[in-house]
Each structure stands twice: as C-alpha cells, then as structure tokens.
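Okay, final-v6.cif is below, mmCIF, C-alpha atoms:
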data_query
loop_
_atom_site.group_PDB
_atom_site.id
_atom_site.type_symbol
_atom_site.label_atom_id
_atom_site.label_comp_id
_atom_site.auth_asym_id
_atom_site.auth_seq_id
_atom_site.Cartn_x
_atom_site.Cartn_y
_atom_site.Cartn_z
ATOM 1 C CA MET A 800 0.000 0.000 0.000
ATOM 2 C CA GLU A 801 2.806 2.323 0.962
ATOM 3 C CA ASP A 802 4.643 1.490 -2.263
ATOM 4 C CA LYS A 803 1.588 2.481 -4.319
ATOM 5 C CA THR A 804 1.223 5.734 -2.374
ATOM 6 C CA THR A 805 4.917 6.482 -2.764
ATOM 7 C CA ASN A 806 4.803 5.731 -6.485
ATOM 8 C CA GLY A 807 1.724 7.941 -6.836
ATOM 9 C CA LEU A 808 3.491 10.831 -5.138
ATOM 10 C CA LYS A 809 6.525 10.352 -7.334
ATOM 11 C CA GLU A 810 4.391 10.420 -10.460
ATOM 12 C CA GLN A 811 2.656 13.620 -9.282
ATOM 13 C CA ARG A 812 6.009 15.264 -8.617
ATOM 14 C CA GLU A 813 7.270 14.205 -12.021
ATOM 15 C CA ARG A 814 4.131 15.566 -13.677
ATOM 16 C CA ARG A 815 4.505 18.867 -11.815
ATOM 17 C CA LYS A 816 8.130 19.050 -12.890
ATOM 18 C CA ARG A 817 7.175 18.371 -16.500
ATOM 19 C CA VAL A 818 4.389 20.967 -16.298
ATOM 20 C CA ASN A 819 6.784 23.493 -14.758
ATOM 21 C CA ARG A 820 9.376 22.789 -17.442
ATOM 22 C CA ILE A 821 6.722 23.251 -20.126
ATOM 23 C CA LYS A 822 5.546 26.525 -18.499
ATOM 24 C CA THR A 823 9.122 27.713 -18.186
ATOM 25 C CA GLY A 824 9.786 26.805 -21.813
ATOM 26 C CA ILE A 825 6.664 28.653 -22.968
ATOM 27 C CA ILE A 826 7.539 31.743 -20.913
ATOM 28 C CA LEU A 827 11.125 31.752 -22.184
ATOM 29 C CA THR A 828 9.871 31.324 -25.750
ATOM 30 C CA ILE A 829 7.486 34.269 -25.347
ATOM 31 C CA VAL A 830 10.164 36.446 -23.748
ATOM 32 C CA ILE A 831 12.700 35.585 -26.456
ATOM 33 C CA TRP A 832 10.075 36.219 -29.158
ATOM 34 C CA MET A 833 9.236 39.598 -27.632
ATOM 35 C CA LEU A 834 12.907 40.574 -27.378
ATOM 36 C CA VAL A 835 13.596 39.491 -30.948
ATOM 37 C CA SER A 836 10.490 41.376 -32.134
ATOM 38 C CA MET A 837 11.600 44.526 -30.309
ATOM 39 C CA ILE A 838 15.112 44.278 -31.729
ATOM 40 C CA LEU A 839 13.756 43.739 -35.249
ATOM 41 C CA THR A 840 11.322 46.638 -34.838
ATOM 42 C CA VAL A 841 14.064 49.021 -33.669
ATOM 43 C CA THR A 842 16.336 47.814 -36.472
ATOM 44 C CA LEU A 843 13.605 48.344 -39.055
ATOM 45 C CA LEU A 844 12.802 51.822 -37.710
ATOM 46 C CA CYS A 845 16.473 52.790 -37.896
ATOM 47 C CA ARG A 846 16.618 51.432 -41.429
ATOM 48 C CA VAL A 847 13.479 53.330 -42.444
ATOM 49 C CA PHE A 848 14.895 56.530 -40.943
ATOM 50 C CA SER A 849 18.165 56.004 -42.816
ATOM 51 C CA LEU A 850 16.351 55.275 -46.081
ATOM 52 C CA GLN A 851 14.190 58.381 -45.628
ATOM 53 C CA LYS A 852 17.287 60.549 -45.297
ATOM 54 C CA GLN A 853 18.759 58.959 -48.406
ATOM 55 C CA ILE A 854 15.510 59.534 -50.308
ATOM 56 C CA ASP A 855 15.455 63.174 -49.198
ATOM 57 C CA LYS A 856 19.033 63.665 -50.353
ATOM 58 C CA LEU A 857 18.304 61.982 -53.668
ATOM 59 C CA THR A 858 15.212 64.180 -54.072
ATOM 60 C CA ALA A 859 17.248 67.306 -53.453
ATOM 61 C CA ALA A 860 19.957 66.060 -55.789
ATOM 62 C CA SER A 861 17.342 65.275 -58.448
ATOM 63 C CA MET A 862 15.910 68.768 -58.140
ATOM 64 C CA LEU A 863 19.318 70.339 -58.593
ATOM 65 C CA SER A 864 20.135 67.923 -61.415
ATOM 66 C CA SER A 865 16.968 68.991 -63.184
ATOM 67 C CA VAL A 866 17.992 72.603 -62.752
ATOM 68 C CA VAL A 867 21.443 71.840 -64.151
ATOM 69 C CA GLU A 868 19.904 70.157 -67.193
ATOM 70 C CA GLN A 869 17.597 73.105 -67.792
ATOM 71 C CA GLY A 870 20.540 75.479 -67.501
ATOM 72 C CA GLU A 871 22.632 73.440 -69.907
ATOM 73 C CA ASN A 872 19.784 73.191 -72.404
ATOM 74 C CA GLN A 873 19.254 76.906 -72.258
ATOM 75 C CA ALA A 874 22.975 77.575 -72.671
ATOM 76 C CA ASN A 875 23.063 75.255 -75.686
ATOM 77 C CA ARG A 876 20.105 77.000 -77.275
ATOM 78 C CA GLN A 877 21.784 80.366 -76.802
ATOM 79 C CA GLU A 878 25.069 79.064 -78.218
ATOM 80 C CA ASN A 879 23.306 77.644 -81.278
ATOM 81 C CA ILE A 880 21.773 80.948 -82.184
ATOM 82 C CA GLY A 881 24.973 82.845 -81.325
ATOM 83 C CA THR A 882 23.406 85.263 -78.855
ATOM 84 C CA GLU A 883 23.568 85.936 -75.143
ATOM 85 C CA LEU A 884 20.638 86.102 -72.744
ATOM 86 C CA ALA A 885 18.969 89.461 -73.011
ATOM 87 C CA PRO A 886 18.699 91.520 -69.832
ATOM 88 C CA GLU A 887 15.275 91.636 -68.261
ATOM 89 C CA THR A 888 13.604 94.926 -67.473
ATOM 90 C CA ASN A 889 11.792 95.544 -64.237
ATOM 91 C CA ARG A 890 8.758 97.790 -64.306
ATOM 92 C CA PRO A 891 8.165 100.724 -61.913
ATOM 93 C CA VAL A 892 6.825 100.579 -58.385
ATOM 94 C CA LYS A 893 3.810 102.674 -57.385
ATOM 95 C CA ASP A 894 4.022 106.443 -57.594
ATOM 96 C CA GLU A 895 7.352 106.306 -59.459
ATOM 97 C CA GLN A 896 7.941 106.891 -63.138
ATOM 98 C CA ASP A 897 10.733 105.754 -65.436
ATOM 99 C CA ASN A 898 12.056 103.377 -62.777
ATOM 100 C CA ASN A 899 13.292 100.660 -65.130
ATOM 101 C CA LEU A 900 15.722 98.231 -63.483
ATOM 102 C CA ASN A 901 18.135 96.264 -65.655
ATOM 103 C CA VAL A 902 18.744 92.805 -64.245
ATOM 104 C CA VAL A 903 20.646 89.952 -65.864
ATOM 105 C CA SER A 904 18.829 86.636 -66.125
ATOM 106 C CA VAL A 905 21.049 83.611 -65.454
ATOM 107 C CA ALA A 906 19.998 79.985 -65.819
ATOM 108 C CA ALA A 907 20.210 78.289 -62.432
ATOM 109 C CA ASN A 908 23.448 76.484 -63.254
ATOM 110 C CA ASP A 909 24.708 78.470 -66.229
ATOM 111 C CA GLU A 910 28.434 77.946 -66.802
ATOM 112 C CA SER A 911 28.893 81.720 -66.857
ATOM 113 C CA ASN A 912 27.978 81.710 -63.171
ATOM 114 C CA ARG A 913 30.673 79.199 -62.220
ATOM 115 C CA ALA A 914 33.119 80.691 -59.731
ATOM 116 C CA GLN A 915 36.840 80.762 -60.395
ATOM 117 C CA ASP A 916 39.513 80.435 -57.722
ATOM 118 C CA GLY A 917 39.894 83.630 -55.746
ATOM 119 C CA GLU A 918 36.552 85.127 -56.784
ATOM 120 C CA THR A 919 34.274 86.588 -54.129
ATOM 121 C CA HIS A 920 31.038 84.667 -53.805
ATOM 122 C CA LYS A 921 27.774 86.602 -53.670
ATOM 123 C CA VAL A 922 25.258 84.710 -51.551
ATOM 124 C CA TYR A 923 21.579 85.621 -51.317
ATOM 125 C CA LEU A 924 19.836 83.839 -48.447
ATOM 126 C CA THR A 925 16.106 83.596 -49.142
ATOM 127 C CA PHE A 926 13.373 82.435 -46.777
ATOM 128 C CA ASP A 927 10.007 81.140 -48.041
ATOM 129 C CA ASP A 928 6.601 80.533 -46.427
ATOM 130 C CA GLY A 929 6.815 83.042 -43.559
ATOM 131 C CA PRO A 930 6.254 84.972 -41.519
ATOM 132 C CA SER A 931 5.979 82.587 -38.573
ATOM 133 C CA SER A 932 7.135 82.091 -35.009
ATOM 134 C CA ASN A 933 10.644 81.438 -36.403
ATOM 135 C CA THR A 934 10.939 84.679 -38.370
ATOM 136 C CA ALA A 935 11.861 86.836 -35.381
ATOM 137 C CA GLU A 936 14.726 84.494 -34.426
ATOM 138 C CA ILE A 937 15.999 84.534 -37.993
ATOM 139 C CA LEU A 938 15.896 88.336 -38.041
ATOM 140 C CA ASP A 939 17.765 88.402 -34.726
ATOM 141 C CA LEU A 940 20.516 86.189 -36.148
ATOM 142 C CA LEU A 941 20.805 88.268 -39.307
ATOM 143 C CA ALA A 942 21.148 91.387 -37.160
ATOM 144 C CA GLN A 943 23.757 89.671 -34.980
ATOM 145 C CA TYR A 944 25.915 88.948 -38.043
ATOM 146 C CA ASN A 945 25.046 92.301 -39.642
ATOM 147 C CA VAL A 946 23.768 90.823 -42.907
ATOM 148 C CA LYS A 947 20.606 91.250 -44.954
ATOM 149 C CA ALA A 948 18.449 88.587 -46.579
ATOM 150 C CA THR A 949 15.280 88.192 -48.638
ATOM 151 C CA PHE A 950 11.910 86.983 -47.377
ATOM 152 C CA PHE A 951 9.361 85.614 -49.848
ATOM 153 C CA VAL A 952 6.244 85.831 -47.714
ATOM 154 C CA VAL A 953 2.663 84.607 -47.893
ATOM 155 C CA GLY A 954 -0.476 86.414 -46.754
ATOM 156 C CA LYS A 955 -1.193 86.435 -43.010
ATOM 157 C CA THR A 956 -3.266 88.945 -41.097
ATOM 158 C CA ASP A 957 -2.502 88.140 -37.446
ATOM 159 C CA GLU A 958 -0.803 90.814 -35.347
ATOM 160 C CA GLU A 959 2.541 89.003 -35.080
ATOM 161 C CA SER A 960 2.780 88.471 -38.855
ATOM 162 C CA VAL A 961 1.957 92.108 -39.572
ATOM 163 C CA ALA A 962 4.747 93.105 -37.173
ATOM 164 C CA MET A 963 7.162 90.764 -38.971
ATOM 165 C CA TYR A 964 6.352 92.240 -42.411
ATOM 166 C CA LYS A 965 7.163 95.674 -41.039
ATOM 167 C CA ARG A 966 10.296 94.528 -39.236
ATOM 168 C CA ILE A 967 11.655 92.872 -42.402
ATOM 169 C CA VAL A 968 11.366 96.178 -44.247
ATOM 170 C CA GLU A 969 12.528 98.385 -41.372
ATOM 171 C CA GLU A 970 15.695 96.326 -40.856
ATOM 172 C CA GLY A 971 16.695 96.634 -44.514
ATOM 173 C CA HIS A 972 15.831 93.168 -45.805
ATOM 174 C CA THR A 973 14.093 92.589 -49.135
ATOM 175 C CA LEU A 974 10.393 91.770 -48.958
ATOM 176 C CA GLY A 975 9.266 89.471 -51.754
ATOM 177 C CA MET A 976 6.024 87.693 -52.622
ATOM 178 C CA HIS A 977 5.386 83.950 -52.421
ATOM 179 C CA SER A 978 1.656 84.108 -53.237
ATOM 180 C CA TYR A 979 -1.096 85.039 -50.790
ATOM 181 C CA SER A 980 -2.691 81.630 -50.206
ATOM 182 C CA HIS A 981 0.176 79.243 -51.083
ATOM 183 C CA LYS A 982 -2.495 76.843 -52.353
ATOM 184 C CA TYR A 983 -1.016 75.212 -55.430
ATOM 185 C CA SER A 984 -4.285 73.758 -56.685
ATOM 186 C CA MET A 985 -5.916 77.178 -56.696
ATOM 187 C CA ILE A 986 -3.024 79.411 -57.773
ATOM 188 C CA TYR A 987 -1.956 77.254 -60.706
ATOM 189 C CA ASP A 988 -5.439 76.319 -61.901
ATOM 190 C CA SER A 989 -5.708 79.285 -64.251
ATOM 191 C CA LEU A 990 -4.196 82.648 -65.106
ATOM 192 C CA ASP A 991 -7.234 84.369 -63.579
ATOM 193 C CA ASN A 992 -6.663 82.596 -60.266
ATOM 194 C CA PHE A 993 -2.961 83.400 -60.329
ATOM 195 C CA THR A 994 -3.676 87.053 -61.129
ATOM 196 C CA ALA A 995 -6.184 87.367 -58.276
ATOM 197 C CA ASP A 996 -3.798 85.794 -55.771
ATOM 198 C CA PHE A 997 -0.853 87.888 -56.958
ATOM 199 C CA THR A 998 -2.862 91.105 -56.776
ATOM 200 C CA GLN A 999 -4.041 90.227 -53.275
ATOM 201 C CA ILE A 1000 -0.543 89.665 -51.862
ATOM 202 C CA GLN A 1001 1.017 92.676 -53.621
ATOM 203 C CA ASN A 1002 -1.742 95.053 -52.483
ATOM 204 C CA TYR A 1003 -1.777 93.614 -48.966
ATOM 205 C CA LEU A 1004 1.974 94.041 -48.462
ATOM 206 C CA TYR A 1005 1.791 97.567 -49.857
ATOM 207 C CA ASP A 1006 -0.999 98.438 -47.415
ATOM 208 C CA VAL A 1007 0.937 96.976 -44.463
ATOM 209 C CA THR A 1008 4.468 98.188 -45.244
ATOM 210 C CA GLY A 1009 4.203 100.869 -47.936
ATOM 211 C CA VAL A 1010 6.458 98.747 -50.164
ATOM 212 C CA ASP A 1011 5.288 97.816 -53.648
ATOM 213 C CA CYS A 1012 7.025 94.453 -53.906
ATOM 214 C CA VAL A 1013 8.650 93.709 -57.261
ATOM 215 C CA TYR A 1014 10.159 90.274 -56.545
ATOM 216 C CA TYR A 1015 8.251 87.001 -56.639
ATOM 217 C CA ARG A 1016 8.949 83.330 -56.016
ATOM 218 C CA PHE A 1017 6.566 80.767 -57.409
ATOM 219 C CA PRO A 1018 5.420 78.200 -54.841
ATOM 220 C CA GLY A 1019 7.395 75.125 -55.837
ATOM 221 C CA GLY A 1020 9.546 77.227 -58.164
ATOM 222 C CA SER A 1021 9.001 78.038 -61.829
ATOM 223 C CA SER A 1022 9.963 74.432 -62.665
ATOM 224 C CA ASN A 1023 7.239 72.889 -60.493
ATOM 225 C CA LYS A 1024 5.398 69.880 -61.938
ATOM 226 C CA VAL A 1025 1.962 70.546 -60.444
ATOM 227 C CA SER A 1026 0.719 73.551 -62.403
ATOM 228 C CA ASN A 1027 -2.360 72.937 -64.546
ATOM 229 C CA THR A 1028 -1.413 75.948 -66.654
ATOM 230 C CA ASP A 1029 1.676 76.549 -68.746
ATOM 231 C CA MET A 1030 4.092 78.448 -66.469
ATOM 232 C CA ALA A 1031 4.904 80.718 -69.414
ATOM 233 C CA GLU A 1032 1.488 82.362 -68.924
ATOM 234 C CA PHE A 1033 2.281 83.278 -65.330
ATOM 235 C CA ILE A 1034 5.787 84.402 -66.243
ATOM 236 C CA GLY A 1035 4.380 86.602 -69.000
ATOM 237 C CA TYR A 1036 1.949 88.141 -66.532
ATOM 238 C CA LEU A 1037 4.735 88.934 -64.055
ATOM 239 C CA ASN A 1038 6.786 90.470 -66.864
ATOM 240 C CA ASP A 1039 3.840 92.705 -67.725
ATOM 241 C CA GLN A 1040 3.618 93.787 -64.085
ATOM 242 C CA GLY A 1041 7.309 94.690 -63.953
ATOM 243 C CA VAL A 1042 7.898 91.926 -61.426
ATOM 244 C CA THR A 1043 11.017 89.733 -61.422
ATOM 245 C CA TYR A 1044 10.733 86.168 -60.225
ATOM 246 C CA PHE A 1045 13.565 84.305 -58.542
ATOM 247 C CA ASP A 1046 14.199 80.594 -58.242
ATOM 248 C CA TRP A 1047 17.345 79.203 -56.595
ATOM 249 C CA ASN A 1048 20.523 77.319 -57.447
ATOM 250 C CA VAL A 1049 21.377 76.172 -53.909
ATOM 251 C CA ALA A 1050 18.895 74.267 -51.726
ATOM 252 C CA SER A 1051 19.415 73.849 -47.986
ATOM 253 C CA GLY A 1052 17.160 70.786 -48.011
ATOM 254 C CA ASP A 1053 14.828 72.076 -45.310
ATOM 255 C CA ALA A 1054 11.870 71.791 -47.698
ATOM 256 C CA THR A 1055 12.148 68.035 -48.138
ATOM 257 C CA SER A 1056 11.936 66.591 -44.630
ATOM 258 C CA GLN A 1057 12.432 67.373 -40.953
ATOM 259 C CA ALA A 1058 14.783 64.359 -40.808
ATOM 260 C CA TYR A 1059 17.731 66.589 -41.698
ATOM 261 C CA THR A 1060 19.889 67.752 -38.809
ATOM 262 C CA ALA A 1061 21.036 71.352 -38.557
ATOM 263 C CA GLN A 1062 24.514 70.221 -39.611
ATOM 264 C CA ASP A 1063 23.032 68.525 -42.680
ATOM 265 C CA LEU A 1064 21.479 71.839 -43.722
ATOM 266 C CA VAL A 1065 24.780 73.641 -43.184
ATOM 267 C CA ASP A 1066 26.644 71.062 -45.277
ATOM 268 C CA ASN A 1067 24.037 71.221 -48.072
ATOM 269 C CA VAL A 1068 24.460 74.982 -48.348
ATOM 270 C CA MET A 1069 28.208 75.257 -47.935
ATOM 271 C CA GLN A 1070 29.116 72.517 -50.413
ATOM 272 C CA ASP A 1071 27.223 74.330 -53.190
ATOM 273 C CA VAL A 1072 27.730 78.072 -52.639
ATOM 274 C CA VAL A 1073 31.438 77.678 -53.391
ATOM 275 C CA LYS A 1074 30.543 76.622 -56.944
ATOM 276 C CA TYR A 1075 28.919 79.879 -58.044
ATOM 277 C CA LYS A 1076 29.628 83.569 -58.392
ATOM 278 C CA THR A 1077 25.993 84.178 -57.444
ATOM 279 C CA SER A 1078 24.146 81.772 -55.178
ATOM 280 C CA VAL A 1079 20.473 82.133 -54.352
ATOM 281 C CA VAL A 1080 19.891 79.826 -51.398
ATOM 282 C CA LEU A 1081 16.482 78.284 -50.769
ATOM 283 C CA MET A 1082 15.531 78.181 -47.080
ATOM 284 C CA HIS A 1083 12.271 78.381 -45.135
ATOM 285 C CA ASP A 1084 11.032 80.210 -42.061
ATOM 286 C CA ALA A 1085 7.744 78.364 -41.516
ATOM 287 C CA ASP A 1086 6.649 77.294 -38.028
ATOM 288 C CA ASN A 1087 8.163 73.809 -38.305
ATOM 289 C CA LYS A 1088 11.611 74.925 -39.484
ATOM 290 C CA ASP A 1089 13.423 75.028 -36.139
ATOM 291 C CA LYS A 1090 16.413 73.211 -37.685
ATOM 292 C CA THR A 1091 16.775 76.047 -40.184
ATOM 293 C CA VAL A 1092 17.025 78.533 -37.334
ATOM 294 C CA GLU A 1093 19.570 76.283 -35.623
ATOM 295 C CA ALA A 1094 21.631 76.001 -38.817
ATOM 296 C CA LEU A 1095 21.520 79.679 -39.800
ATOM 297 C CA GLY A 1096 24.121 80.917 -37.323
ATOM 298 C CA MET A 1097 26.609 78.265 -38.460
ATOM 299 C CA ILE A 1098 25.945 79.087 -42.120
ATOM 300 C CA LEU A 1099 26.479 82.813 -41.573
ATOM 301 C CA GLU A 1100 29.656 82.214 -39.591
ATOM 302 C CA GLN A 1101 31.145 79.954 -42.268
ATOM 303 C CA LEU A 1102 30.146 82.298 -45.098
ATOM 304 C CA GLN A 1103 31.809 85.224 -43.368
ATOM 305 C CA GLU A 1104 34.924 83.163 -42.635
ATOM 306 C CA GLN A 1105 35.159 82.415 -46.381
ATOM 307 C CA GLY A 1106 34.799 86.092 -47.248
ATOM 308 C CA ALA A 1107 31.481 85.697 -49.042
ATOM 309 C CA GLU A 1108 29.190 88.687 -49.519
ATOM 310 C CA VAL A 1109 25.785 87.930 -47.991
ATOM 311 C CA LEU A 1110 23.289 90.245 -49.659
ATOM 312 C CA PRO A 1111 19.573 90.938 -50.054
ATOM 313 C CA ILE A 1112 18.076 90.603 -53.522
ATOM 314 C CA ASP A 1113 17.957 93.947 -55.302
ATOM 315 C CA SER A 1114 18.153 95.414 -58.796
ATOM 316 C CA ASP A 1115 21.848 94.486 -59.086
ATOM 317 C CA THR A 1116 21.287 90.785 -58.382
ATOM 318 C CA ALA A 1117 21.829 88.341 -61.229
ATOM 319 C CA VAL A 1118 18.449 86.654 -61.553
ATOM 320 C CA ILE A 1119 18.507 82.903 -60.974
ATOM 321 C CA GLN A 1120 15.666 81.188 -62.830
ATOM 322 C CA HIS A 1121 14.850 77.576 -63.639
ATOM 323 C CA ILE A 1122 12.772 78.717 -66.609
ATOM 324 C CA SER A 1123 13.978 81.845 -68.319
ATOM 325 C CA ALA A 1124 11.624 84.816 -68.277
ATOM 326 C CA ASP A 1125 12.333 85.026 -71.995
ATOM 327 C CA VAL A 1126 10.048 82.038 -72.652
ATOM 328 C CA ALA A 1127 7.035 84.291 -72.218
ATOM 329 C CA GLN A 1128 8.249 87.016 -74.508
#
Can you turn what I pasted into structure tokens?
Amino acid sequence: MEDKTTNGLKEQRERRKRVNRIKTGIILTIVIWMLVSMILTVTLLCRVFSLQKQIDKLTAASMLSSVVEQGENQANRQENIGTELAPETNRPVKDEQDNNLNVVSVAANDESNRAQDGETHKVYLTFDDGPSSNTAEILDLLAQYNVKATFFVVGKTDEESVAMYKRIVEEGHTLGMHSYSHKYSMIYDSLDNFTADFTQIQNYLYDVTGVDCVYYRFPGGSSNKVSNTDMAEFIGYLNDQGVTYFDWNVASGDATSQAYTAQDLVDNVMQDVVKYKTSVVLMHDADNKDKTVEALGMILEQLQEQGAEVLPIDSDTAVIQHISADVAQ
C-alpha cells in the first residue's frame, strides 16, 4: 500500500516538474520572441529613418540635377543661335515713373555663373513661407551677423505676422512675394486665379508696409510639376507687371523633410555656394523649421569666414531662374 502511495506521489512530482518545465519553456519562448520582435522593430525603424534621409538627399539632388539640365539646355540654345541672354527689365513701383531696373537673367546652373579660384562669392539667403514664429529668431541672427536677406512671404493677417512684415522692411531686408494663399491647386489652376492671388498679396503688403514688392517666387519654383497651366502664362503676366521672379541654385534641403539635422542643412548649403559667383539659397522660415534657425548661425559664420558677400536681392542681383523669363516674350 505504501509502495503504491509512494509511487503515486513520485508520479505527481514528475508531472509537476514536466508541467513546470513546459511553463518555463513557454515563458522563455514568449520572452525571447518579444525581445527578438523589439530588436527587429528598432532595427527596421532605424533602417526606415536612414532610407528616408537617403531619399530626401536623392530628391534634393534630383531637383538640382533637373535645374542643371535646364541650364545646360538653355545655354546650348543660346550658343546655337549665337546670342547671349537678353537683360530683363523691371517695371516701376507705385508712384514712381521711369524706374526701369536692368537685371541679368542667369539659368540656375549656367556655366557663366561658375566661380573661379579667388573670386568673391555673392550669396543671397532667401526664406520662403513666412512669416511665422521662427521669423523673429531669424531676423535676430541676421542682425547679430550684420547681414541682410530676402523673405518671400505669404499672406497672413494676425498681429505678429503684420509686425514681422514691417520689421523685415525696417531692418533693410528685401520683402518678396510667395503668393497670398500658397495653395497650389488654386493658384496654378488658371491665369485668372494666379492674377487674383498675386494682386491680393502685392496690395496687402503695400498696405501693411508701404512697399510695392517687385520680386516674386513661385510656390514650388518656376519648374514645379503641379501647375495645370503653362508656367509661361504666369511668367508673361509677371513680366507685364514689372515683377522679377527668382528661383534658386542652392537648396538647404529644409523643404524636403524634418529628418535633416542642422549640420546637414549647413553642409548642403556650404558645399554648393562655393561653386557659383551668385548663389540664391532656398531656405524656409515656416513654423516647423526650427532646424533652419539652428543652422543659420553656423551658415552665416562659415560664409563670413570664407569672405562671401551675404546680400539681399535687389536690382543688381543676377536673376537665378529655372525657366527663363524670356520664354514668355
């Protein structure tokens, strides 16, 4: 009887041990699976982040490559017909007569704009999409380094934005137009829509600052691929208004993704401005461009160390355009 009881107890203990081993095995399997899943997830996220940065860089490179191709094509066309680009004429601002401004139009990567060793680089820092909460900090930095820039602004009526429009002008920077609404689908739907939006931003800025703005940047640039209307129509309209539009030949990269670090933006600018006599640098001062603010001080410091002239766009600036204004003439 005792032997049966003892054997029964032994069997129960063995069963419990087996059950415990099975439980332990299941728990270990789950824990290992969870750890492996977490490691794979983190690895995949890092890979996605890395790929996104590469895509952004390729996008920026593609944009500049497209600009280069356009510049080369334009240069070839001019060479074939044996003529040089004709200077563009700016029309007068309000209440002034005979105020024609002669400005030279240069394809974004025209060989004539290539810098030679020892030449002084002219750099025009331009900021799109403002004013915003970042504009004041950018103005503070520009004042700290005693340089002027250009702001292509959109239409905003809040008190802070109105103050920024005025401050841009009062501190000697160039105030340019970047459309009133910044709504691509509306602005580029027709010439009538573009005209209405242009008139709204030009009149609004004149009412706020007393400046009749004569410089414009197309949202997305003149080489954008979203317009439903031939860009030549809009360019022709601006020509008729005596307004000069500017694109860019150096991109900071802050338009493509927030994945760029401030140092990335600095590197993107500095590796390209050394190539050109005249560099028009695309940057942004929208609310989400904190990295641009962070990078700006480093950019200004390095430009000044290299002896570059940092200037606001004016009537003496060689006009950088992806599509020549001549196409509408």
- Task: I need the residue set behind the PyMOL selection byres ((chain A and resi 1102-1111) around 12) for this file; please write it as a PyMOL selection string.
- Result: chain A and resi 914+917-926+941+944-951+967-968+970-975+1014+1065-1066+1068-1073+1075-1080+1095-1101+1112-1117
- Work out how far apart CA of Ile937 (chain A) and CA of Val961 (chain A) are and give it in Å to one decimal.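 It comes out at 16.0 Å.
Within the file as shown, the PyMOL selection byres ((chain A and resi 989) around 10) identifies Ser984, Met985, Ile986, Tyr987, Asp988, Leu990, Asp991, Asn992, Phe993, Thr994, Ser1026, Asn1027, Thr1028, Asp1029, Glu1032 and Phe1033 of chain A.
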- Query: Can you tell me how far CA of Ser980 (chain A) sits from CA of Leu1004 (chain A), in Å to one decimal?
  - Reply: 13.4 Å
- Message: Please return as a ChimeraX atom specification every residue within 9 Å of (15.6, 75.9, -43.2), taking into account all atoms listed in the file and the file's own coordinates.
- Response: /A:926,1051-1054,1061,1064,1081-1085,1088-1095
- Message: As a check of understanding, name the residues that the PyMOL selection byres ((chain A and resi 979) around 7) selects in the supplied structure, as a PyMOL selection string.
- Response: chain A and resi 953-954+977-978+980-981+996-997+999-1000
Selection file, C-alpha atoms, as an mmCIF file, in the frame of the given file:
data_model
loop_
_atom_site.group_PDB
_atom_site.id
_atom_site.type_symbol
_atom_site.label_atom_id
_atom_site.label_comp_id
_atom_site.auth_asym_id
_atom_site.auth_seq_id
_atom_site.Cartn_x
_atom_site.Cartn_y
_atom_site.Cartn_z
ATOM 1 C CA VAL A 953 2.663 84.607 -47.893
ATOM 2 C CA GLY A 954 -0.476 86.414 -46.754
ATOM 3 C CA HIS A 977 5.386 83.950 -52.421
ATOM 4 C CA SER A 978 1.656 84.108 -53.237
ATOM 5 C CA SER A 980 -2.691 81.630 -50.206
ATOM 6 C CA HIS A 981 0.176 79.243 -51.083
ATOM 7 C CA ASP A 996 -3.798 85.794 -55.771
ATOM 8 C CA PHE A 997 -0.853 87.888 -56.958
ATOM 9 C CA GLN A 999 -4.041 90.227 -53.275
ATOM 10 C CA ILE A 1000 -0.543 89.665 -51.862
#
- Message: Between A:Met833, A:Arg820, A:Ser932, A:Tyr983, which residue has the minimum interatomic distance to Glu959 (chain A), considering all atoms listed in the file?
- Response: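 Checking each of A:Met833, A:Arg820, A:Ser932, A:Tyr983 against Glu959 (chain A), counting all atoms listed in the file, the winner is A:Ser932.
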- Message: Can you measure CA of Tyr1015 (chain A) to CA of Asn1038 (chain A) for me? One decimal in Å is fine.
- Response: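 Distance between the two atoms: 10.9 Å.
Minimum distance to Tyr964 (chain A) across A:Gln1120, A:Ser931, A:Gln811, A:Ser836 (counting all atoms listed in the file) occurs at A:Ser931.
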- Identify which of the residues A:Gln915, A:Glu958, A:Val1013, A:Thr1055 lies closest to Gly1041 (chain A), counting only C-alpha atoms when measuring atom-to-atom distances.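 Ranked by minimum distance to Gly1041 (chain A), first place goes to A:Val1013.
Among the candidate residues A:Asn1087, A:Leu940, A:Tyr1003, A:Thr842, the one lying nearest to Thr956 (chain A) is A:Tyr1003, with distances computed using all atoms listed in the file.
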- Counting only C-alpha atoms, which of A:Ala942, A:Ala995, A:Ile838, A:Leu843 gets nearest to Tyr1036 (chain A)?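 Of A:Ala942, A:Ala995, A:Ile838, A:Leu843, the one nearest Tyr1036 (chain A) is A:Ala995, counting only C-alpha atoms.
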